[in-house]
Each structure stands twice: as structure tokens, then as C-alpha cells.
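Trainee: My questions all concern the structure below.
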Amino acid sequence: MAVRGACPLLRPPEGAKPEDANLMSGDWLANVSYRYLHSDRHFVGDVEQTQRQALGNQVINTSHFIDLGAQYAFTPRWSAGLTLPLVTSERSQLAPTNFNSVRYSTHATGIGDLRLGGYAWLWNPAKQPKGNIQLGLGLKAPTGDDGVSDRFLTASGPVDHPVDQSIQPGDGGWGFSVELNAYRVILPRTVVFLQAFYLFNPENTNDVLTWRDNNSTTPGNVTATPSSASYYEHFMSISDQYFARGGLSYTLVPKWGLSLSLAGRIEGIPVRDVLGDSDGFRRPGFSVDIEPGIEIMKGRYTFNLSAPVALYRNREKSVADEQASAYRLAHPVPGQNPNVHGDAALADYVLTASFAVRF
């Protein structure tokens with residue numbers, strides 16, 4: 001459920017020269033960021049499914065994201081940026097029982113979905129050094145592969161099939177994003193900041209099979225009925241994503257450009273997209289984190305490291321869950337739970353690092 005390309009952007013330290021603190025006309029900013037994600041604890045709603053670890057049948061995702069970015073300033077207020085993600089992921093799962101509960105992995109590696117954005121400060125940064133707001137509008141292109149396949153162990157033998165949605169490099173749809181960056185000096189060396197990002201994906205589903213329903217053309221779950229969420233999950237959903245963080249930054253050593261920060265953070269996938277339909281397979285939900293961070297800004301160079309740690313996680317009911325629940329209520333079966341609610345594994349923490357140079 002991770003939102004990619006969301007590395008922290010803190011305000012330059014107190015005392016920085018204007019030419020060091022801001023992009024001037026004609027300046028370029030090149031950056032590379034890294035994000036590590038490992039998830040193995042399953043949740044239904046906000047209730048952890050501890051039996052998964054006890055039984056040893058939990059699904060384990062490990063992903064590494066590298067974002068390559070470049071930004072050009074037309075003026076101190078107006079700029080444009082390009083971000084190309086690279087991703088490699090592994091998903092470990094348990095094979096069917098006729099393989100004697102063998103654990104095996106599927107993999108996906110490739111470029112992700114490219115983003116092009118335009119950004120504008122509401123005020124000239126040189127004239128408003130104590131506080132400002134930046135707005136951004138971006139376009140997301142489906143450059144990442146949304147149908148990477150690997151070898152699965154199934155009840156009828158090994159078969160090649162698209163890997164799980166959670167490790168596909170792309171989502172298969174065009175989209176656009178809105179962004180907000182804001183800061184304000186409230187005390188000497190102390191800044192309050194806010195960031196927010198929302199990705200709109202108006203398209204409904206892609207053409208990648210999930211093999212979760214009766215209509216699947218590959219061996220898998222071929223017993224799904226309208227009382228199961230799998231029945232409504234023939235193709236993968238193209239979902240919106242969101243991210244927000246806000247907190248305080250304190251300049252500990254001005255001459256080194258060393259700042260420490262502490263923020264609250266939320267990121268996730270909504271149950272329903274703002275625009276368009278939300279059919280197919282998705283795992284909606286969100287994580288609320290506390291995020292300590294450190295940043296060093298010296299001349300043309302900036303380095304940032306942060307580690308969001310989960311405080312609260314919630315795997316929400318998907319549209320398919322709601323459809324299956326509605327069917328069960330309309331067609332009750334003795335002893336059958338009318339509430340259908342899928343699970344998802346969410347990370348305990350995420351590691352994020354970025355390095356940028358202005359020239």
C-alpha cells in the first residue's frame with residue numbers, strides 16, 4: 001500500500017543563504033531517493049490476524065524503490081520536475097497443500113510509473129523566508145509494467161501468471177496528482193511544516209487477470225460465487241493513492257545545515273476513487289505513523305533520512321467485499337458470516353533516504 005516517491009522535503013536550515021536555500025532561475029536539482037518496505041503482519045480492519053504468524057502462512061512482501069528525479073526552476077517561484085521510479089520486489093507465500101506447504105517466492109523488477117509535475121510558490125521565497133506555500137500539479141504515465149509474471153505453485157502444478165498487485169511495478173492507468181508543501185517559522189530555528197499528495201486514477205480496471213474468480217483463464221480459485229469477494233475481482237483495480245505528513249523541524253547545528261524533525265504521517269489507498277469506478281481487486285487501507293528524520297543541507301547538497309514507524313493500521317473493506325457482503329445479506333445461509341472483509345499485510349516501518357544536488 002506504499003505511496004512511492006514521497007521522500008521528505010524539509011525547509012532549509014535557519015541562516016542559509018538565499019542562493020543556497022532556494023532554486024534560482026535556471027537552476028537544476030537532481031535527486032535520487034531510496035525507500036525500503038517489508039510487510040508480514042496481516043490486518044482485517046484494524047485487528048491484527050496474529051494466527052497467520054502462528055500458523056506460518058503469512059504473506060511476506062519486501063520491496064526496494066529507487067526514484068530518479070530532476071527539477072528545473074524557470075523562476076524562483078515556478079519549476080517543473082520529472083520522477084522515474086525503479087522497483088524490485090519479492091513476495092513470499094505458501095504453496096497449496098499438495099506441495100506439503102512449501103513456501104516459495106515470486107518477483108517483479110522494472111521501472112514504475114513516470115510522473116511529470118509543475119510547482120509554484122505562492123510568494124517569492126527570497127521575499128518570504130519565514131513561511132511559504134507551494135502547490136503542485138502532476139501527470140502520471142503508465143510506463144511501469146502492470147502484468148509482470150512469474151512461476152506459481154498451484155494445485156494442478158507450476159504455472160506462469162501475473163504476480164500479485166502489491167508488487168507490480170505499474171498500475172496500468174493514466175492519472176494526475178495534486179501536491180502541497182508548506183512551512184512556517186514559529187520560533188528561532190523551529191519550523192512547522194505540512195506536505196500532502198493525492199494521486200487521482202480515473203480509470204477503473206486494467207486487463208491483468210487476478211485468477212481469483214470463475215472466469216479466470218488460469219488455474220486458481222475456480223469455485224468463487226457471488227457470496228465471495230473473489231467473484232467480483234476478475235481484473236486488477238487501478239486505485240487512487242494518498243499521503244500526508246506534518247510536524248516540526250529544528251535546526252540543531254546551523255553552520256552544518258543539520259536539522260532534526262518529527263512528524264505525523266498517513267498514507268494509503270482509498271476504498272473508492274474520487275473519479276471513476278472502483279471495481280476489480282484492490283486492498284484499500286491506510287497506515288498512521290510517527291516519523292523521525294534528519295537532514296543535512298550544505299551548499300549545493302542535501303541529504304535526508306527518515307523512518308516512519310506504524311502506530312495504527314487499517315485494512316478497509318473493498319468494493320468487492322461490500323458486494324459480497326450485500327449478496328450474503330440478501331441470500332442468507334445458516335452459519336455463514338454475512339460480513340466479508342479481506343485482509344492485507346502492512347509494514348511496521350519504512351526506511352526512506354534521499355540525496356539531492358543543485359547545479
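Note on naming: chains are A, B, ... as they come in the C-alpha cells, residues start from 1 per chain, ligands start from 1 in the order shown.
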List every residue of range 316-356 of chain A that DSSP, applied to the backbone of this structure, places in strand (DSSP E), and write the result as a list of chain:residue names.

Mentor: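 Everything in range 316-356 of chain A that counts as strand (DSSP E) is A:Ala344, A:Ala345, A:Leu346, A:Val350, A:Leu351, A:Thr352, A:Ala353, A:Ser354, A:Phe355, A:Ala356.
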
Trainee: So which residues touch range 282-285 of chain A within 12 Å, counting only C-alpha atoms, skipping near sequence neighbours fewer than 2 positions away, as a PyMOL selection string?

Mentor: chain A and resi 1-3+42-46+164-166+171+204-206+210+229-230+232-243+266-273+278-280+287-288+312-321+341-346

Trainee: Which residues are close to range 73-81 of chain A, i.e. within 8 Å by only C-alpha atoms, leaving aside same-chain residues fewer than 6 positions away? Reply as an NGL selection string.

Mentor: :A and (22-28 or 116-126)

Trainee: Take the selection from the previous step and output its residues with all heavy atoms, as a short mmCIF file (atom, residue, chain, number, x, y, z; two decimals), in the first residue's frame.

Mentor:
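That gives us again_34.cif:
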```cif
data_model
loop_
_atom_site.label_atom_id
_atom_site.label_comp_id
_atom_site.auth_asym_id
_atom_site.auth_seq_id
_atom_site.Cartn_x
_atom_site.Cartn_y
_atom_site.Cartn_z
N ASN A 22 17.21 28.29 -1.88
CA ASN A 22 16.16 28.23 -2.89
C ASN A 22 16.74 28.00 -4.28
O ASN A 22 17.89 28.36 -4.56
CB ASN A 22 15.37 29.55 -2.91
CG ASN A 22 14.87 29.96 -1.54
OD1 ASN A 22 14.09 29.25 -0.94
ND2 ASN A 22 15.34 31.10 -1.06
N LEU A 23 15.92 27.40 -5.14
CA LEU A 23 16.29 27.30 -6.54
C LEU A 23 16.12 28.67 -7.19
O LEU A 23 15.07 29.29 -7.09
CB LEU A 23 15.40 26.28 -7.25
CG LEU A 23 15.61 24.80 -6.92
CD1 LEU A 23 14.62 23.94 -7.69
CD2 LEU A 23 17.03 24.37 -7.22
N MET A 24 17.17 29.12 -7.87
CA MET A 24 17.11 30.38 -8.59
C MET A 24 16.79 30.11 -10.05
O MET A 24 16.81 28.96 -10.51
CB MET A 24 18.44 31.12 -8.45
CG MET A 24 18.97 31.22 -7.02
SD MET A 24 17.82 32.05 -5.88
CE MET A 24 18.02 33.76 -6.41
N SER A 25 16.49 31.16 -10.81
CA SER A 25 16.16 30.99 -12.23
C SER A 25 17.27 30.27 -12.96
O SER A 25 18.44 30.62 -12.86
CB SER A 25 15.92 32.36 -12.87
OG SER A 25 14.85 33.03 -12.24
N GLY A 26 16.90 29.21 -13.69
CA GLY A 26 17.87 28.45 -14.46
C GLY A 26 18.55 27.33 -13.69
O GLY A 26 19.34 26.58 -14.28
N ASP A 27 18.27 27.18 -12.41
CA ASP A 27 18.88 26.11 -11.61
C ASP A 27 18.24 24.76 -11.90
O ASP A 27 17.04 24.66 -12.18
CB ASP A 27 18.74 26.40 -10.11
CG ASP A 27 19.75 27.41 -9.61
OD1 ASP A 27 20.62 27.83 -10.41
OD2 ASP A 27 19.68 27.78 -8.43
N TRP A 28 19.08 23.71 -11.79
CA TRP A 28 18.61 22.33 -11.84
C TRP A 28 18.80 21.69 -10.48
O TRP A 28 19.76 22.01 -9.77
CB TRP A 28 19.39 21.52 -12.87
CG TRP A 28 19.00 21.77 -14.29
CD1 TRP A 28 19.53 22.72 -15.13
CD2 TRP A 28 18.01 21.07 -15.05
NE1 TRP A 28 18.95 22.65 -16.37
CE2 TRP A 28 18.00 21.64 -16.34
CE3 TRP A 28 17.14 20.02 -14.76
CZ2 TRP A 28 17.15 21.19 -17.36
CZ3 TRP A 28 16.29 19.57 -15.76
CH2 TRP A 28 16.30 20.15 -17.03
N LEU A 116 5.36 13.62 -14.09
CA LEU A 116 5.80 14.94 -14.51
C LEU A 116 4.95 15.96 -13.79
O LEU A 116 3.71 15.88 -13.83
CB LEU A 116 5.67 15.11 -16.02
CG LEU A 116 5.97 16.50 -16.59
CD1 LEU A 116 7.45 16.85 -16.37
CD2 LEU A 116 5.63 16.56 -18.08
N GLY A 117 5.59 16.91 -13.10
CA GLY A 117 4.83 17.87 -12.30
C GLY A 117 5.30 19.30 -12.48
O GLY A 117 6.46 19.56 -12.80
N GLY A 118 4.38 20.23 -12.28
CA GLY A 118 4.69 21.65 -12.25
C GLY A 118 4.41 22.19 -10.85
O GLY A 118 3.44 21.78 -10.21
N TYR A 119 5.28 23.12 -10.37
CA TYR A 119 5.20 23.59 -8.99
C TYR A 119 5.30 25.11 -8.94
O TYR A 119 6.03 25.72 -9.73
CB TYR A 119 6.33 22.97 -8.15
CG TYR A 119 6.33 21.47 -8.19
CD1 TYR A 119 7.07 20.78 -9.15
CD2 TYR A 119 5.57 20.73 -7.29
CE1 TYR A 119 7.05 19.40 -9.21
CE2 TYR A 119 5.55 19.34 -7.34
CZ TYR A 119 6.29 18.69 -8.30
OH TYR A 119 6.26 17.32 -8.36
N ALA A 120 4.59 25.70 -7.98
CA ALA A 120 4.61 27.16 -7.84
C ALA A 120 4.53 27.54 -6.37
O ALA A 120 3.65 27.05 -5.65
CB ALA A 120 3.45 27.78 -8.60
N TRP A 121 5.47 28.37 -5.90
CA TRP A 121 5.36 29.00 -4.59
C TRP A 121 4.37 30.16 -4.69
O TRP A 121 4.38 30.90 -5.68
CB TRP A 121 6.72 29.53 -4.13
CG TRP A 121 7.73 28.48 -3.80
CD1 TRP A 121 8.80 28.11 -4.56
CD2 TRP A 121 7.79 27.69 -2.62
NE1 TRP A 121 9.51 27.11 -3.94
CE2 TRP A 121 8.91 26.84 -2.73
CE3 TRP A 121 7.00 27.61 -1.47
CZ2 TRP A 121 9.26 25.92 -1.75
CZ3 TRP A 121 7.35 26.69 -0.49
CH2 TRP A 121 8.46 25.86 -0.62
N LEU A 122 3.53 30.32 -3.69
CA LEU A 122 2.56 31.41 -3.72
C LEU A 122 3.25 32.77 -3.62
O LEU A 122 2.76 33.77 -4.16
CB LEU A 122 1.55 31.25 -2.59
CG LEU A 122 0.64 30.01 -2.68
CD1 LEU A 122 -0.44 30.08 -1.61
CD2 LEU A 122 0.01 29.88 -4.06
N TRP A 123 4.38 32.80 -2.90
CA TRP A 123 5.14 34.04 -2.77
C TRP A 123 6.59 33.79 -3.18
O TRP A 123 7.07 32.66 -3.12
CB TRP A 123 5.09 34.56 -1.32
CG TRP A 123 3.70 34.82 -0.87
CD1 TRP A 123 2.94 35.92 -1.13
CD2 TRP A 123 2.88 33.96 -0.06
NE1 TRP A 123 1.70 35.80 -0.57
CE2 TRP A 123 1.63 34.60 0.11
CE3 TRP A 123 3.07 32.71 0.52
CZ2 TRP A 123 0.59 34.04 0.84
CZ3 TRP A 123 2.05 32.13 1.25
CH2 TRP A 123 0.83 32.80 1.40
N ASN A 124 7.28 34.84 -3.54
CA ASN A 124 8.70 34.74 -3.87
C ASN A 124 9.46 34.27 -2.64
O ASN A 124 9.45 34.94 -1.61
CB ASN A 124 9.23 36.10 -4.34
CG ASN A 124 10.65 36.00 -4.87
OD1 ASN A 124 11.45 35.18 -4.43
ND2 ASN A 124 10.95 36.86 -5.84
N PRO A 125 10.13 33.10 -2.67
CA PRO A 125 10.83 32.60 -1.49
C PRO A 125 11.86 33.56 -0.92
O PRO A 125 12.06 33.60 0.29
CB PRO A 125 11.50 31.32 -2.01
CG PRO A 125 10.68 30.89 -3.17
CD PRO A 125 10.22 32.17 -3.81
N ALA A 126 12.51 34.34 -1.78
CA ALA A 126 13.52 35.29 -1.29
C ALA A 126 12.89 36.40 -0.46
O ALA A 126 13.54 36.95 0.43
CB ALA A 126 14.29 35.88 -2.47
#
```

Trainee: List the neighbours of Ala196 in chain A out to 10 Å using only C-alpha atoms; skip same-chain residues closer than 3 positions along the sequence, and give me the result as a PyMOL selection string.

Mentor: chain A and resi 6+135+178-182+242-246+265-267

Trainee: Can you work out which one of A:Pro226, A:Gly136, A:Pro308, A:Gly299 has the shortest atom-to-atom distance to Trp256 in chain A, counting only C-alpha atoms?

Mentor: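 Closest to Trp256 in chain A, using only C-alpha atoms: A:Gly299.
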
Trainee: Identify which of the residues A:Asn339, A:Gln128, A:Gln134, A:Gln53 lies closest to Glu322 in chain A, counting only C-alpha atoms when measuring atom-to-atom distances.

Mentor: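 The shortest atom-to-atom distance to Glu322 in chain A comes from A:Asn339.
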
Trainee: Using only C-alpha atoms, which of A:Val47, A:Val191, A:Val32, A:Ile167 sits nearest Ile60 in chain A?

Mentor: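 The shortest atom-to-atom distance to Ile60 in chain A comes from A:Ile167.
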
Trainee: Which neighbours of Phe152 in chain A fall inside 9 Å, counting only C-alpha atoms, when residues of the same chain fewer than 4 positions from it are skipped, and could you give them as a PyMOL selection string?

Mentor: chain A and resi 95+104-106+157-161+163

Trainee: As a PyMOL selection string, which residues of range 146-339 of chain A does DSSP assign to helix (DSSP H, G or I)?

Mentor: chain A and resi 165-167+229-232+254-256+319-330

Trainee: Write out, as an mmCIF file, in the first residue's frame, the residues just selected, with N, CA and C atoms.

Mentor:
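Below you can see out27.cif, which holds the result:
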```cif
data_model
loop_
_atom_site.group_PDB
_atom_site.id
_atom_site.type_symbol
_atom_site.label_atom_id
_atom_site.label_comp_id
_atom_site.auth_asym_id
_atom_site.auth_seq_id
_atom_site.Cartn_x
_atom_site.Cartn_y
_atom_site.Cartn_z
ATOM 1 N N GLN A 165 -0.830 -7.910 -7.201
ATOM 2 C CA GLN A 165 -0.926 -6.470 -7.448
ATOM 3 C C GLN A 165 0.062 -5.666 -6.609
ATOM 4 N N SER A 166 0.333 -6.119 -5.378
ATOM 5 C CA SER A 166 1.149 -5.346 -4.451
ATOM 6 C C SER A 166 2.602 -5.205 -4.885
ATOM 7 N N ILE A 167 3.070 -6.092 -5.815
ATOM 8 C CA ILE A 167 4.462 -5.983 -6.251
ATOM 9 C C ILE A 167 4.583 -5.670 -7.743
ATOM 10 N N ALA A 229 -15.878 -12.356 -2.251
ATOM 11 C CA ALA A 229 -15.314 -11.164 -2.885
ATOM 12 C C ALA A 229 -14.575 -11.524 -4.159
ATOM 13 N N SER A 230 -13.980 -12.732 -4.219
ATOM 14 C CA SER A 230 -13.232 -13.155 -5.403
ATOM 15 C C SER A 230 -14.074 -13.122 -6.672
ATOM 16 N N TYR A 231 -15.376 -13.313 -6.523
ATOM 17 C CA TYR A 231 -16.284 -13.332 -7.676
ATOM 18 C C TYR A 231 -16.263 -12.004 -8.437
ATOM 19 N N TYR A 232 -15.979 -10.917 -7.738
ATOM 20 C CA TYR A 232 -16.032 -9.572 -8.324
ATOM 21 C C TYR A 232 -14.635 -9.044 -8.677
ATOM 22 N N PRO A 254 23.286 25.103 12.859
ATOM 23 C CA PRO A 254 23.098 25.910 11.652
ATOM 24 C C PRO A 254 24.288 25.875 10.700
ATOM 25 N N LYS A 255 25.514 25.936 11.217
ATOM 26 C CA LYS A 255 26.668 26.013 10.316
ATOM 27 C C LYS A 255 26.876 24.709 9.536
ATOM 28 N N TRP A 256 26.356 23.606 10.038
ATOM 29 C CA TRP A 256 26.406 22.340 9.309
ATOM 30 C C TRP A 256 25.154 22.119 8.455
ATOM 31 N N VAL A 319 -14.619 -2.549 -2.370
ATOM 32 C CA VAL A 319 -15.913 -2.580 -3.050
ATOM 33 C C VAL A 319 -16.353 -4.030 -3.261
ATOM 34 N N ALA A 320 -15.399 -4.909 -3.606
ATOM 35 C CA ALA A 320 -15.738 -6.326 -3.779
ATOM 36 C C ALA A 320 -16.209 -6.944 -2.465
ATOM 37 N N ASP A 321 -15.567 -6.579 -1.345
ATOM 38 C CA ASP A 321 -16.038 -7.042 -0.037
ATOM 39 C C ASP A 321 -17.466 -6.598 0.216
ATOM 40 N N GLU A 322 -17.756 -5.339 -0.115
ATOM 41 C CA GLU A 322 -19.102 -4.797 0.108
ATOM 42 C C GLU A 322 -20.125 -5.517 -0.773
ATOM 43 N N GLN A 323 -19.756 -5.819 -2.014
ATOM 44 C CA GLN A 323 -20.676 -6.515 -2.915
ATOM 45 C C GLN A 323 -20.970 -7.933 -2.406
ATOM 46 N N ALA A 324 -19.944 -8.628 -1.941
ATOM 47 C CA ALA A 324 -20.151 -9.977 -1.414
ATOM 48 C C ALA A 324 -20.966 -9.948 -0.131
ATOM 49 N N SER A 325 -20.722 -8.960 0.721
ATOM 50 C CA SER A 325 -21.498 -8.824 1.959
ATOM 51 C C SER A 325 -22.964 -8.570 1.656
ATOM 52 N N ALA A 326 -23.226 -7.693 0.666
ATOM 53 C CA ALA A 326 -24.613 -7.400 0.288
ATOM 54 C C ALA A 326 -25.321 -8.655 -0.239
ATOM 55 N N TYR A 327 -24.603 -9.470 -1.005
ATOM 56 C CA TYR A 327 -25.200 -10.709 -1.522
ATOM 57 C C TYR A 327 -25.535 -11.667 -0.382
ATOM 58 N N ARG A 328 -24.642 -11.788 0.584
ATOM 59 C CA ARG A 328 -24.893 -12.695 1.710
ATOM 60 C C ARG A 328 -26.084 -12.226 2.546
ATOM 61 N N LEU A 329 -26.237 -10.928 2.705
ATOM 62 C CA LEU A 329 -27.384 -10.412 3.447
ATOM 63 C C LEU A 329 -28.689 -10.692 2.709
ATOM 64 N N ALA A 330 -28.627 -10.592 1.365
ATOM 65 C CA ALA A 330 -29.836 -10.836 0.569
ATOM 66 C C ALA A 330 -30.122 -12.326 0.402
#
```

Trainee: Report the distance between CA of Ser39 in chain A and CA of Leu94 in chain A in Å, rounded to one decimal place.

Mentor: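 It comes out at 15.3 Å.
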
Trainee: Find the residues near Ser177 in chain A: any atom within 6 Å, counting only C-alpha atoms, skip ones fewer than 6 places away on the same chain, and give them as a count of residues only.

Mentor: 5

Trainee: Need to verify the contact set: Ile294 in chain A, 8 Å, only C-alpha atoms, exclusion of same-chain residues closer than 3 positions in sequence. Can you return it as a list in words?

Mentor: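 Listed by chain and then number, they are Leu258, Ser259, Leu260, Ser261, Asn304, Leu305 and Ser306 of chain A.
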
Trainee: Export, as an mmCIF file, in the first residue's frame, the selected residues with N, CA, C and O atoms.

Mentor:
```
data_model
loop_
_atom_site.group_PDB
_atom_site.id
_atom_site.type_symbol
_atom_site.label_atom_id
_atom_site.label_comp_id
_atom_site.auth_asym_id
_atom_site.auth_seq_id
_atom_site.Cartn_x
_atom_site.Cartn_y
_atom_site.Cartn_z
ATOM 1 N N LEU A 258 22.369 21.169 9.761
ATOM 2 C CA LEU A 258 21.834 19.940 10.342
ATOM 3 C C LEU A 258 20.505 20.208 11.028
ATOM 4 O O LEU A 258 20.425 21.015 11.957
ATOM 5 N N SER A 259 19.460 19.524 10.576
ATOM 6 C CA SER A 259 18.121 19.685 11.141
ATOM 7 C C SER A 259 17.561 18.325 11.563
ATOM 8 O O SER A 259 17.809 17.308 10.914
ATOM 9 N N LEU A 260 16.791 18.340 12.649
ATOM 10 C CA LEU A 260 16.059 17.163 13.103
ATOM 11 C C LEU A 260 14.572 17.439 12.968
ATOM 12 O O LEU A 260 14.129 18.584 13.123
ATOM 13 N N SER A 261 13.805 16.401 12.696
ATOM 14 C CA SER A 261 12.366 16.595 12.520
ATOM 15 C C SER A 261 11.587 15.470 13.175
ATOM 16 O O SER A 261 12.098 14.363 13.374
ATOM 17 N N ASN A 304 18.858 13.467 3.283
ATOM 18 C CA ASN A 304 17.734 13.303 4.193
ATOM 19 C C ASN A 304 17.531 11.833 4.501
ATOM 20 O O ASN A 304 17.649 10.976 3.633
ATOM 21 N N LEU A 305 17.231 11.537 5.766
ATOM 22 C CA LEU A 305 16.939 10.173 6.197
ATOM 23 C C LEU A 305 15.763 10.208 7.156
ATOM 24 O O LEU A 305 15.738 11.022 8.088
ATOM 25 N N SER A 306 14.783 9.341 6.954
ATOM 26 C CA SER A 306 13.636 9.259 7.868
ATOM 27 C C SER A 306 13.181 7.815 7.990
ATOM 28 O O SER A 306 13.482 6.974 7.136
#
```
